[in-house]
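Peer 1: Contents are compact mmCIF, C-alpha atoms; file name work-v5.txt:
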```
# COMPACT_ATOMS: atom_id res chain seq x y z
CA MET O 251 12.32 -22.23 12.15
CA THR O 252 11.32 -24.01 8.90
CA VAL O 253 8.14 -26.04 9.04
CA SER O 254 8.15 -29.02 6.68
CA ALA O 255 5.10 -30.27 4.88
CA THR O 256 5.55 -33.68 6.49
CA HIS O 257 5.46 -32.22 10.04
CA LYS O 258 8.25 -34.53 11.24
CA ARG O 259 9.29 -31.98 13.85
CA ILE O 260 6.74 -30.78 16.36
CA PRO O 261 7.79 -27.27 17.48
CA THR O 262 7.11 -26.38 21.06
CA ASP O 263 7.24 -22.58 20.76
CA PRO O 264 4.13 -20.81 22.05
CA PRO O 265 1.91 -19.21 19.38
CA PHE O 266 2.83 -15.79 18.06
CA ARG O 267 0.14 -13.48 19.45
CA ILE O 268 -1.47 -10.91 17.17
CA GLY O 269 -3.81 -8.13 18.21
CA LEU O 270 -5.96 -7.21 15.21
CA LEU O 271 -7.32 -3.73 15.86
CA VAL O 272 -10.22 -2.98 13.49
CA LEU O 273 -11.57 0.56 13.25
CA PRO O 274 -15.06 1.34 11.91
CA ASP O 275 -15.27 2.16 8.19
CA SER O 276 -12.48 -0.28 7.33
CA ASN O 277 -12.76 -2.56 4.33
CA LEU O 278 -13.24 -6.30 4.54
CA LEU O 279 -10.45 -7.15 2.10
CA SER O 280 -7.82 -5.39 4.21
CA MET O 281 -9.01 -7.13 7.35
CA ALA O 282 -8.95 -10.53 5.63
CA SER O 283 -5.47 -9.87 4.22
CA ALA O 284 -4.22 -9.06 7.70
CA LEU O 285 -5.63 -12.19 9.32
CA ASP O 286 -6.30 -15.03 6.90
CA PRO O 287 -2.64 -15.84 6.06
CA PHE O 288 -2.09 -16.70 9.73
CA ARG O 289 -5.21 -18.86 9.80
CA ALA O 290 -3.90 -20.68 6.72
CA ALA O 291 -0.44 -21.03 8.28
CA ASN O 292 -1.96 -22.79 11.30
CA ARG O 293 -3.89 -25.15 9.06
CA ARG O 294 -0.92 -25.97 6.83
CA ALA O 295 1.42 -26.46 9.79
CA GLY O 296 -1.08 -28.64 11.65
CA ARG O 297 -0.73 -26.67 14.86
CA LYS O 298 -1.38 -23.22 16.28
CA LEU O 299 1.63 -21.19 15.21
CA TYR O 300 -0.40 -17.97 15.46
CA ASP O 301 -3.08 -16.82 17.84
CA TRP O 302 -5.08 -13.62 17.55
CA GLN O 303 -7.66 -11.44 19.18
CA VAL O 304 -9.85 -9.04 17.21
CA VAL O 305 -10.29 -5.78 19.12
CA SER O 306 -11.67 -2.29 18.63
CA PRO O 307 -11.68 0.89 20.75
CA ASP O 308 -15.10 0.17 22.25
CA GLY O 309 -15.57 -3.53 21.58
CA GLY O 310 -18.77 -5.02 20.20
CA LEU O 311 -19.84 -4.97 16.57
CA VAL O 312 -17.73 -2.86 14.20
CA ARG O 313 -19.35 -1.91 10.91
CA LEU O 314 -17.18 -2.20 7.79
CA THR O 315 -17.55 -0.27 4.53
CA SER O 316 -19.33 -3.27 2.99
CA GLY O 317 -22.06 -3.02 5.62
CA LEU O 318 -20.90 -6.24 7.26
CA GLU O 319 -20.21 -6.16 10.98
CA VAL O 320 -17.43 -7.94 12.85
CA MET O 321 -17.53 -8.79 16.55
CA THR O 322 -14.62 -7.41 18.57
CA GLU O 323 -13.34 -7.30 22.11
CA PRO O 324 -12.61 -3.92 23.72
CA LEU O 325 -9.00 -2.76 23.76
CA PRO O 326 -7.18 -4.21 26.77
CA LEU O 327 -6.00 -1.64 29.26
CA HIS O 328 -2.42 -2.87 28.87
CA ALA O 329 -1.31 -4.27 25.52
CA ASP O 330 0.13 -7.78 25.75
CA MET O 331 0.86 -9.22 22.30
CA ASP O 332 3.71 -9.91 19.91
CA LEU O 333 2.39 -7.69 17.11
CA MET O 334 -0.43 -5.18 16.85
CA VAL O 335 -2.02 -4.89 13.39
CA MET O 336 -4.39 -1.98 12.90
CA VAL O 337 -6.81 -1.89 9.95
CA ALA O 338 -8.38 1.51 9.26
CA GLY O 339 -10.29 3.05 6.39
CA PHE O 340 -12.37 6.19 6.20
CA ARG O 341 -13.29 8.94 8.68
CA LEU O 342 -9.90 8.80 10.35
CA ASP O 343 -10.44 12.17 12.03
CA ALA O 344 -13.36 10.70 13.95
CA HIS O 345 -11.76 7.36 14.75
CA ALA O 346 -8.20 8.44 15.67
CA THR O 347 -9.33 9.74 19.06
CA PRO O 348 -6.93 10.99 21.76
CA ALA O 349 -7.74 7.88 23.80
CA LEU O 350 -6.83 5.59 20.93
CA ARG O 351 -3.62 7.49 20.19
CA SER O 352 -2.67 7.25 23.87
CA TRP O 353 -3.29 3.50 23.86
CA LEU O 354 -1.17 3.10 20.74
CA ARG O 355 1.77 4.94 22.29
CA GLN O 356 2.07 2.29 25.01
CA LEU O 357 3.05 -0.18 22.30
CA ARG O 358 6.32 1.65 21.81
CA ALA O 359 6.90 1.82 25.56
CA ARG O 360 6.31 -1.93 25.87
CA GLY O 361 8.48 -2.82 22.87
CA ILE O 362 5.55 -4.24 20.87
CA PRO O 363 5.85 -3.92 17.06
CA TYR O 364 2.91 -2.28 15.31
CA CYS O 365 1.53 -2.47 11.80
CA GLY O 366 -0.76 -0.09 9.91
CA VAL O 367 -2.91 -1.36 7.04
CA ASP O 368 -4.78 0.82 4.53
CA GLY O 369 -5.62 3.92 6.63
CA GLY O 370 -3.70 2.47 9.57
CA PRO O 371 -0.42 4.29 8.80
CA TRP O 372 -2.25 7.61 9.15
CA VAL O 373 -3.46 6.72 12.64
CA LEU O 374 -0.02 5.47 13.67
CA ALA O 375 1.53 8.68 12.36
CA ARG O 376 -0.98 10.80 14.29
CA ALA O 377 0.05 8.93 17.44
CA GLY O 378 3.68 9.78 16.71
CA LEU O 379 4.67 6.14 16.22
CA LEU O 380 6.13 6.68 12.75
CA ASN O 381 8.29 9.69 13.58
CA GLY O 382 11.84 9.02 12.42
CA HIS O 383 10.74 5.92 10.51
CA ARG O 384 10.26 5.05 6.89
CA ALA O 385 6.65 4.20 6.09
CA THR O 386 4.19 3.84 3.26
CA THR O 387 0.51 4.22 2.50
CA HIS O 388 -1.60 3.96 -0.63
CA TRP O 389 0.15 5.67 -3.53
CA GLU O 390 -2.78 8.05 -4.10
CA ASP O 391 -2.30 9.43 -0.57
CA LEU O 392 1.49 9.29 -0.31
CA GLU O 393 2.05 12.95 -1.20
CA ALA O 394 -0.51 14.16 1.33
CA PHE O 395 0.88 11.72 3.90
CA GLY O 396 4.37 13.15 3.55
CA SER O 397 3.06 16.71 3.80
CA ALA O 398 0.97 15.94 6.88
CA PHE O 399 3.78 14.17 8.73
CA PRO O 400 7.15 15.79 7.97
CA ASP O 401 8.93 13.62 10.57
CA VAL O 402 8.02 10.47 8.63
CA ASP O 403 10.03 9.32 5.61
CA PRO O 404 7.38 8.23 3.06
CA LEU O 405 8.26 5.53 0.54
CA PRO O 406 6.16 4.36 -2.43
CA ASP O 407 6.81 0.68 -1.60
CA ARG O 408 4.03 -1.89 -1.28
CA TYR O 409 5.06 -2.44 2.32
CA VAL O 410 7.78 -1.07 4.58
CA ILE O 411 9.39 -2.57 7.70
CA ASP O 412 11.48 -0.13 9.71
CA GLY O 413 12.27 -1.36 13.19
CA PRO O 414 9.02 -1.79 15.13
CA ALA O 415 6.99 0.07 12.48
CA LEU O 416 5.33 -1.92 9.69
CA THR O 417 3.11 -0.24 7.10
CA THR O 418 1.40 -1.33 3.90
CA GLY O 419 -0.12 0.45 0.93
CA GLY O 420 -3.38 -1.56 0.90
CA ALA O 421 -4.94 -5.01 1.05
CA ALA O 422 -2.79 -6.87 -1.49
CA PRO O 423 0.48 -5.41 -0.13
CA CYS O 424 -0.73 -6.42 3.34
CA LEU O 425 -0.95 -9.99 2.09
CA ASP O 426 2.64 -9.69 0.83
CA LEU O 427 3.73 -8.42 4.25
CA MET O 428 2.00 -11.18 6.21
CA LEU O 429 3.51 -13.84 3.96
CA HIS O 430 6.89 -12.20 4.53
CA LEU O 431 6.35 -12.47 8.30
CA ILE O 432 5.39 -16.13 8.02
CA ARG O 433 8.51 -16.72 5.94
CA SER O 434 10.73 -14.98 8.49
CA HIS O 435 9.13 -16.86 11.40
CA HIS O 436 8.83 -20.36 9.92
CA GLY O 437 10.64 -20.50 6.60
CA ALA O 438 9.95 -20.21 2.90
CA GLU O 439 8.33 -23.63 2.63
CA LEU O 440 5.41 -22.80 4.90
CA ALA O 441 5.03 -19.33 3.38
CA GLY O 442 4.87 -20.96 -0.05
CA LEU O 443 2.23 -23.43 1.10
CA VAL O 444 0.13 -20.56 2.48
CA ALA O 445 0.51 -18.53 -0.73
CA ASN O 446 -0.50 -21.58 -2.80
CA ALA O 447 -3.51 -22.18 -0.56
CA LEU O 448 -4.61 -18.58 -1.15
CA LEU O 449 -3.86 -18.85 -4.90
CA TYR O 450 -1.64 -15.79 -4.51
CA ASP O 451 1.70 -14.98 -6.10
CA PRO O 452 3.41 -12.79 -3.50
CA GLU O 453 6.08 -10.15 -3.94
CA ASP O 454 9.28 -11.61 -2.47
CA ARG O 455 10.48 -8.21 -1.26
CA PRO O 456 9.14 -4.69 -0.89
CA SER O 457 8.59 -3.14 -4.31
CA PRO O 458 7.18 0.16 -5.55
CA GLN O 459 3.47 0.70 -5.95
CA ARG O 460 2.56 1.39 -9.55
CA LEU O 461 0.45 4.09 -11.20
CA VAL O 462 -0.44 1.44 -13.80
CA PRO O 463 -1.72 -1.78 -12.16
CA GLN O 464 0.81 -4.61 -12.10
CA ALA O 465 -1.70 -7.01 -13.65
CA ARG O 466 -2.06 -4.70 -16.63
CA LEU O 467 1.72 -4.43 -17.01
CA ALA O 468 2.05 -8.21 -16.90
CA ALA O 469 -0.34 -8.49 -19.84
CA LEU O 470 1.84 -6.28 -22.03
CA THR O 471 4.87 -7.22 -24.06
CA PRO O 472 8.08 -6.83 -22.01
CA GLN O 473 9.25 -3.79 -23.98
CA VAL O 474 5.95 -1.93 -23.57
CA ALA O 475 5.76 -2.84 -19.88
CA ARG O 476 9.31 -1.58 -19.35
CA ALA O 477 8.52 1.63 -21.25
CA VAL O 478 5.52 2.25 -18.99
CA VAL O 479 7.67 1.73 -15.88
CA ILE O 480 10.22 4.23 -17.23
CA MET O 481 7.42 6.75 -17.74
CA GLU O 482 6.12 6.20 -14.20
CA GLU O 483 9.56 6.68 -12.69
CA ARG O 484 10.41 9.87 -14.61
CA LEU O 485 7.33 12.04 -14.39
CA GLU O 486 9.32 15.05 -13.15
CA GLU O 487 11.85 14.94 -15.99
CA PRO O 488 10.08 13.10 -18.82
CA PRO O 489 12.48 11.67 -21.39
CA ALA O 490 11.78 11.86 -25.12
CA ILE O 491 9.95 8.90 -26.61
CA ALA O 492 13.00 8.15 -28.77
CA GLU O 493 15.10 7.89 -25.60
CA ILE O 494 12.59 5.52 -24.00
CA ALA O 495 12.52 3.41 -27.15
CA ALA O 496 16.32 3.14 -27.10
CA GLU O 497 16.29 2.09 -23.45
CA VAL O 498 13.91 -0.79 -24.16
CA GLY O 499 15.81 -1.83 -27.30
CA LEU O 500 13.29 -0.72 -29.92
CA SER O 501 13.09 1.87 -32.63
CA PRO O 502 10.62 4.72 -31.98
CA ARG O 503 8.46 3.43 -34.84
CA ARG O 504 8.34 -0.10 -33.40
CA LEU O 505 7.51 1.23 -29.92
CA GLU O 506 4.71 3.29 -31.46
CA MET O 507 3.29 0.20 -33.17
CA LEU O 508 3.40 -1.89 -30.00
CA PHE O 509 1.76 0.83 -27.90
CA ARG O 510 -1.05 1.18 -30.41
CA LYS O 511 -1.50 -2.59 -30.55
CA HIS O 512 -1.57 -3.16 -26.77
CA LEU O 513 -2.76 0.18 -25.35
CA GLU O 514 -4.65 1.61 -28.34
CA THR O 515 -2.73 4.87 -28.19
CA GLY O 516 0.75 6.14 -29.00
CA PRO O 517 3.49 6.33 -26.34
CA GLY O 518 3.52 10.13 -26.41
CA THR O 519 -0.20 10.38 -25.77
CA PHE O 520 -0.02 7.67 -23.10
CA PHE O 521 2.84 9.44 -21.30
CA LEU O 522 1.04 12.78 -21.38
CA ARG O 523 -2.12 11.16 -19.99
CA LEU O 524 -0.08 9.54 -17.22
CA ARG O 525 1.41 12.91 -16.25
CA LEU O 526 -1.95 14.67 -16.38
CA ASN O 527 -3.64 12.01 -14.26
CA GLU O 528 -0.92 12.46 -11.66
CA ALA O 529 -1.39 16.24 -11.86
CA ARG O 530 -5.11 15.77 -11.28
CA ARG O 531 -4.45 13.55 -8.26
CA LEU O 532 -2.04 16.10 -6.79
CA ALA O 533 -4.62 18.83 -7.33
CA LEU O 534 -7.26 16.83 -5.46
CA ASP O 535 -5.18 15.27 -2.71
CA THR O 536 -2.62 17.96 -1.85
CA GLY O 537 -2.40 21.70 -1.31
CA LEU O 538 0.47 22.10 -3.77
CA SER O 539 0.47 25.18 -5.98
CA VAL O 540 -0.02 24.81 -9.72
CA GLN O 541 3.65 25.71 -10.10
CA ASP O 542 4.71 22.84 -7.84
CA ILE O 543 2.32 20.43 -9.55
CA ALA O 544 3.80 21.42 -12.90
CA VAL O 545 7.30 20.70 -11.62
CA ARG O 546 6.32 17.30 -10.22
CA THR O 547 4.66 16.22 -13.45
CA GLY O 548 7.27 17.44 -15.91
CA PHE O 549 5.60 20.53 -17.38
CA SER O 550 7.73 23.56 -18.24
CA GLY O 551 5.53 25.89 -16.20
CA PRO O 552 2.07 26.48 -14.75
CA SER O 553 0.68 27.93 -17.98
CA THR O 554 1.75 24.87 -19.97
CA LEU O 555 0.16 22.59 -17.39
CA ALA O 556 -2.98 24.73 -17.29
CA ARG O 557 -3.54 24.47 -21.05
CA ALA O 558 -3.00 20.71 -21.12
CA PHE O 559 -5.07 20.21 -17.97
CA ARG O 560 -8.06 22.14 -19.32
CA LYS O 561 -7.89 20.32 -22.64
CA ALA O 562 -7.82 16.92 -20.90
CA PHE O 563 -10.36 17.54 -18.11
CA GLY O 564 -12.43 20.48 -19.31
CA GLN O 565 -11.63 22.64 -16.28
CA SER O 566 -8.75 24.31 -14.49
CA VAL O 567 -7.00 23.05 -11.37
CA SER O 568 -8.72 25.73 -9.29
CA ASP O 569 -12.13 24.79 -10.71
CA LEU O 570 -11.46 21.13 -9.92
CA ARG O 571 -10.52 21.97 -6.35
CA ALA O 572 -13.60 24.16 -5.94
CA ASP O 573 -15.84 21.25 -6.99
CA ARG O 574 -14.49 18.87 -4.33
```
The structure in this file should be written as structure tokens.
Peer 2:
Amino acid sequence: MTVSATHKRIPTDPPFRIGLLVLPDSNLLSMASALDPFRAANRRAGRKLYDWQVVSPDGGLVRLTSGLEVMTEPLPLHADMDLMVMVAGFRLDAHATPALRSWLRQLRARGIPYCGVDGGPWVLARAGLLNGHRATTHWEDLEAFGSAFPDVDPLPDRYVIDGPALTTGGAAPCLDLMLHLIRSHHGAELAGLVANALLYDPEDRPSPQRLVPQARLAALTPQVARAVVIMEERLEEPPAIAEIAAEVGLSPRRLEMLFRKHLETGPGTFFLRLRLNEARRLALDTGLSVQDIAVRTGFSGPSTLARAFRKAFGQSVSDLRADR
């Protein structure tokens, strides 16, 4: 149903009911991204299109990472909502209790869609609700997520919708997802009004998360931005800089000049740094061997990676892991 700005039609559908499940140690931005688009949709539509209840496992005040506390109701014994959105953050081992996982599993039995925001996909996966589904989480954790839950198909997208399972890679992708839901429920016009009210330019469809922030790419010339995307997408089999230059329609010399102008380094050095930063993340966030890390970041072998890694970071992969 499309809602016009003039409100000539008064819909009679009951509000779409959202259960916002907030776990301790979540961040405020993720919670706001999960809820405020619906508040804005109600205001722009001039009626209550969405209704929500903020809940937590025990009810009462839930402390966020900012130190702020949010008042919640205890989880209802039997879920009765149109969508459950769970926001989670740190200390997931402590918060993803057997009781919570059991409560979450009733959602599937009752045919209620469920959404995980930030650390939420991890809790959903621990409850078995993502088995056989595509899902995402923050790109820094995606490798570990896939290793921890082999029955889940991890994608690097900003958000993923697969049947009843909705997941996002963080607060901004959550905003994209909620605007998508508003668009699917009430049309592009209302979703656009909400996005404008929030001064936000949403992604129209799921798109990959980036190693280089999208805002930084947008500030670059199109050829440099495209070259960076090519580098991000081909870490395992890195192409030569001349090949990248040809793909973006430049000579290697011109690409070198533009990289030095906009990124203050040459494309070769930038690409190597990108691969090494990914190798460092894999070393910290996964249990992959140095051999496997070398393969995933385009190095010819573990010794080649080891030399470059020590030169860049002043220590070996094993030393880095020992310091965690």
Peer 1: Tell me which protein, DNA and RNA residues are within 12 Å of range 546-562 of chain O, counting only C-alpha atoms, leaving out same-chain ones fewer than 5 positions away, and put them as a PyMOL selection string.
Peer 2: chain O and resi 393+481-490+519+521-533+538-541+567-570
Peer 1: For Ala329 in chain O, which of O:Ser316, O:Thr536, O:Gln356, O:Asn381 is the closest residue, counting all atoms listed in the file?
Peer 2: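 Of the candidates, the smallest distance to Ala329 in chain O is held by O:Gln356.
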Peer 1: Please measure the separation of CA of Gly361 in chain O and CA of Gly382 in chain O, giving the value in Å to one decimal.
Peer 2: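 Going from CA of Gly361 in chain O over to CA of Gly382 in chain O covers 16.1 Å.
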Peer 1: Identify which of the residues O:Leu314, O:Asp412, O:Ser566, O:Met428 lies closest to Leu278 in chain O, counting only C-alpha atoms when measuring atom-to-atom distances.
Peer 2: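 Ranking O:Leu314, O:Asp412, O:Ser566, O:Met428 by distance to Leu278 in chain O, first place goes to O:Leu314.
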Peer 1: Rank O:Val474, O:Leu374, O:Val272, O:Leu333 by their smallest atom-to-atom distance to Gly499 in chain O, using only C-alpha atoms, and report the top residue only.
Peer 2: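 The closest residue to Gly499 in chain O is O:Val474.
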Peer 1: Smallest atom-to-atom distance to Asp308 in chain O: which of O:Thr322, O:Ser397, O:Asn446, O:Ser276, using only C-alpha atoms?
Peer 2: O:Thr322
Peer 1: Taking 5 positions as the minimum chain separation for residues in the same chain, which residues sit within 7 Å of Pro371 in chain O when counting only C-alpha atoms? Answer as a PDB file with C-alpha atoms, in the coordinates of the input.
Peer 2:
```pdb
ATOM      1  CA  GLY O 366      -0.760  -0.090   9.910  1.00  0.00           C
ATOM      2  CA  THR O 387       0.510   4.220   2.500  1.00  0.00           C
ATOM      3  CA  THR O 417       3.110  -0.240   7.100  1.00  0.00           C
TER       4      THR O 417
END
```
Peer 1: Kindly give the distance, in Å, that separates CA of Asp332 in chain O and CA of Pro363 in chain O, rounded to a single decimal.
Peer 2: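 Interatomic distance, CA of Asp332 in chain O to CA of Pro363 in chain O: 7.0 Å.
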Peer 1: Could you work out how far CA of Gly537 in chain O lies from CA of Val402 in chain O, giving the answer in Å with one decimal?
Peer 2: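 Separation of CA of Val402 in chain O and CA of Gly537 in chain O: 18.3 Å.
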Peer 1: Restore N, CA and C atoms in range 521-550 of chain O and list the result as an mmCIF file, in the coordinates of the input.
Peer 2:
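Dumped to out.cif:
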```
data_model
loop_
_atom_site.group_PDB
_atom_site.id
_atom_site.type_symbol
_atom_site.label_atom_id
_atom_site.label_comp_id
_atom_site.auth_asym_id
_atom_site.auth_seq_id
_atom_site.Cartn_x
_atom_site.Cartn_y
_atom_site.Cartn_z
ATOM 1 N N PHE O 521 1.986 8.791 -22.298
ATOM 2 C CA PHE O 521 2.840 9.440 -21.300
ATOM 3 C C PHE O 521 2.214 10.753 -20.831
ATOM 4 N N LEU O 522 1.682 11.526 -21.759
ATOM 5 C CA LEU O 522 1.040 12.780 -21.380
ATOM 6 C C LEU O 522 -0.171 12.511 -20.482
ATOM 7 N N ARG O 523 -0.949 11.490 -20.803
ATOM 8 C CA ARG O 523 -2.120 11.160 -19.990
ATOM 9 C C ARG O 523 -1.696 10.722 -18.594
ATOM 10 N N LEU O 524 -0.596 9.973 -18.520
ATOM 11 C CA LEU O 524 -0.080 9.540 -17.220
ATOM 12 C C LEU O 524 0.302 10.746 -16.373
ATOM 13 N N ARG O 525 0.984 11.712 -16.974
ATOM 14 C CA ARG O 525 1.410 12.910 -16.250
ATOM 15 C C ARG O 525 0.212 13.761 -15.830
ATOM 16 N N LEU O 526 -0.773 13.871 -16.707
ATOM 17 C CA LEU O 526 -1.950 14.670 -16.380
ATOM 18 C C LEU O 526 -2.795 14.011 -15.292
ATOM 19 N N ASN O 527 -2.897 12.697 -15.325
ATOM 20 C CA ASN O 527 -3.640 12.010 -14.260
ATOM 21 C C ASN O 527 -2.965 12.207 -12.910
ATOM 22 N N GLU O 528 -1.626 12.197 -12.907
ATOM 23 C CA GLU O 528 -0.920 12.460 -11.660
ATOM 24 C C GLU O 528 -1.114 13.914 -11.228
ATOM 25 N N ALA O 529 -1.131 14.842 -12.192
ATOM 26 C CA ALA O 529 -1.390 16.240 -11.860
ATOM 27 C C ALA O 529 -2.784 16.402 -11.262
ATOM 28 N N ARG O 530 -3.747 15.702 -11.803
ATOM 29 C CA ARG O 530 -5.110 15.770 -11.280
ATOM 30 C C ARG O 530 -5.164 15.218 -9.852
ATOM 31 N N ARG O 531 -4.462 14.111 -9.613
ATOM 32 C CA ARG O 531 -4.450 13.550 -8.260
ATOM 33 C C ARG O 531 -3.809 14.519 -7.270
ATOM 34 N N LEU O 532 -2.700 15.134 -7.664
ATOM 35 C CA LEU O 532 -2.040 16.100 -6.790
ATOM 36 C C LEU O 532 -2.942 17.295 -6.515
ATOM 37 N N ALA O 533 -3.696 17.705 -7.518
ATOM 38 C CA ALA O 533 -4.620 18.830 -7.330
ATOM 39 C C ALA O 533 -5.699 18.484 -6.318
ATOM 40 N N LEU O 534 -6.179 17.242 -6.346
ATOM 41 C CA LEU O 534 -7.260 16.830 -5.460
ATOM 42 C C LEU O 534 -6.774 16.486 -4.061
ATOM 43 N N ASP O 535 -5.601 15.867 -3.968
ATOM 44 C CA ASP O 535 -5.180 15.270 -2.710
ATOM 45 C C ASP O 535 -4.145 16.086 -1.940
ATOM 46 N N THR O 536 -3.630 17.163 -2.532
ATOM 47 C CA THR O 536 -2.620 17.960 -1.850
ATOM 48 C C THR O 536 -2.977 19.439 -1.964
ATOM 49 N N GLY O 537 -2.248 20.253 -1.222
ATOM 50 C CA GLY O 537 -2.400 21.700 -1.310
ATOM 51 C C GLY O 537 -1.310 22.343 -2.134
ATOM 52 N N LEU O 538 -0.610 21.564 -2.963
ATOM 53 C CA LEU O 538 0.470 22.100 -3.770
ATOM 54 C C LEU O 538 -0.036 23.161 -4.740
ATOM 55 N N SER O 539 0.804 24.155 -4.987
ATOM 56 C CA SER O 539 0.470 25.180 -5.980
ATOM 57 C C SER O 539 0.528 24.587 -7.380
ATOM 58 N N VAL O 540 -0.077 25.272 -8.329
ATOM 59 C CA VAL O 540 -0.020 24.810 -9.720
ATOM 60 C C VAL O 540 1.422 24.764 -10.192
ATOM 61 N N GLN O 541 2.223 25.707 -9.746
ATOM 62 C CA GLN O 541 3.650 25.710 -10.100
ATOM 63 C C GLN O 541 4.324 24.427 -9.631
ATOM 64 N N ASP O 542 4.094 24.046 -8.387
ATOM 65 C CA ASP O 542 4.710 22.840 -7.840
ATOM 66 C C ASP O 542 4.181 21.583 -8.530
ATOM 67 N N ILE O 543 2.890 21.577 -8.839
ATOM 68 C CA ILE O 543 2.320 20.430 -9.550
ATOM 69 C C ILE O 543 2.957 20.306 -10.925
ATOM 70 N N ALA O 544 3.160 21.431 -11.586
ATOM 71 C CA ALA O 544 3.800 21.420 -12.900
ATOM 72 C C ALA O 544 5.210 20.829 -12.813
ATOM 73 N N VAL O 545 5.946 21.225 -11.791
ATOM 74 C CA VAL O 545 7.300 20.700 -11.620
ATOM 75 C C VAL O 545 7.277 19.198 -11.400
ATOM 76 N N ARG O 546 6.357 18.723 -10.573
ATOM 77 C CA ARG O 546 6.320 17.300 -10.220
ATOM 78 C C ARG O 546 5.814 16.424 -11.350
ATOM 79 N N THR O 547 5.196 17.011 -12.339
ATOM 80 C CA THR O 547 4.660 16.220 -13.450
ATOM 81 C C THR O 547 5.321 16.554 -14.781
ATOM 82 N N GLY O 548 6.442 17.269 -14.719
ATOM 83 C CA GLY O 548 7.270 17.440 -15.910
ATOM 84 C C GLY O 548 6.828 18.488 -16.904
ATOM 85 N N PHE O 549 6.003 19.454 -16.482
ATOM 86 C CA PHE O 549 5.600 20.530 -17.380
ATOM 87 C C PHE O 549 6.536 21.721 -17.198
ATOM 88 N N SER O 550 6.751 22.473 -18.267
ATOM 89 C CA SER O 550 7.730 23.560 -18.240
ATOM 90 C C SER O 550 7.302 24.712 -17.348
#
```
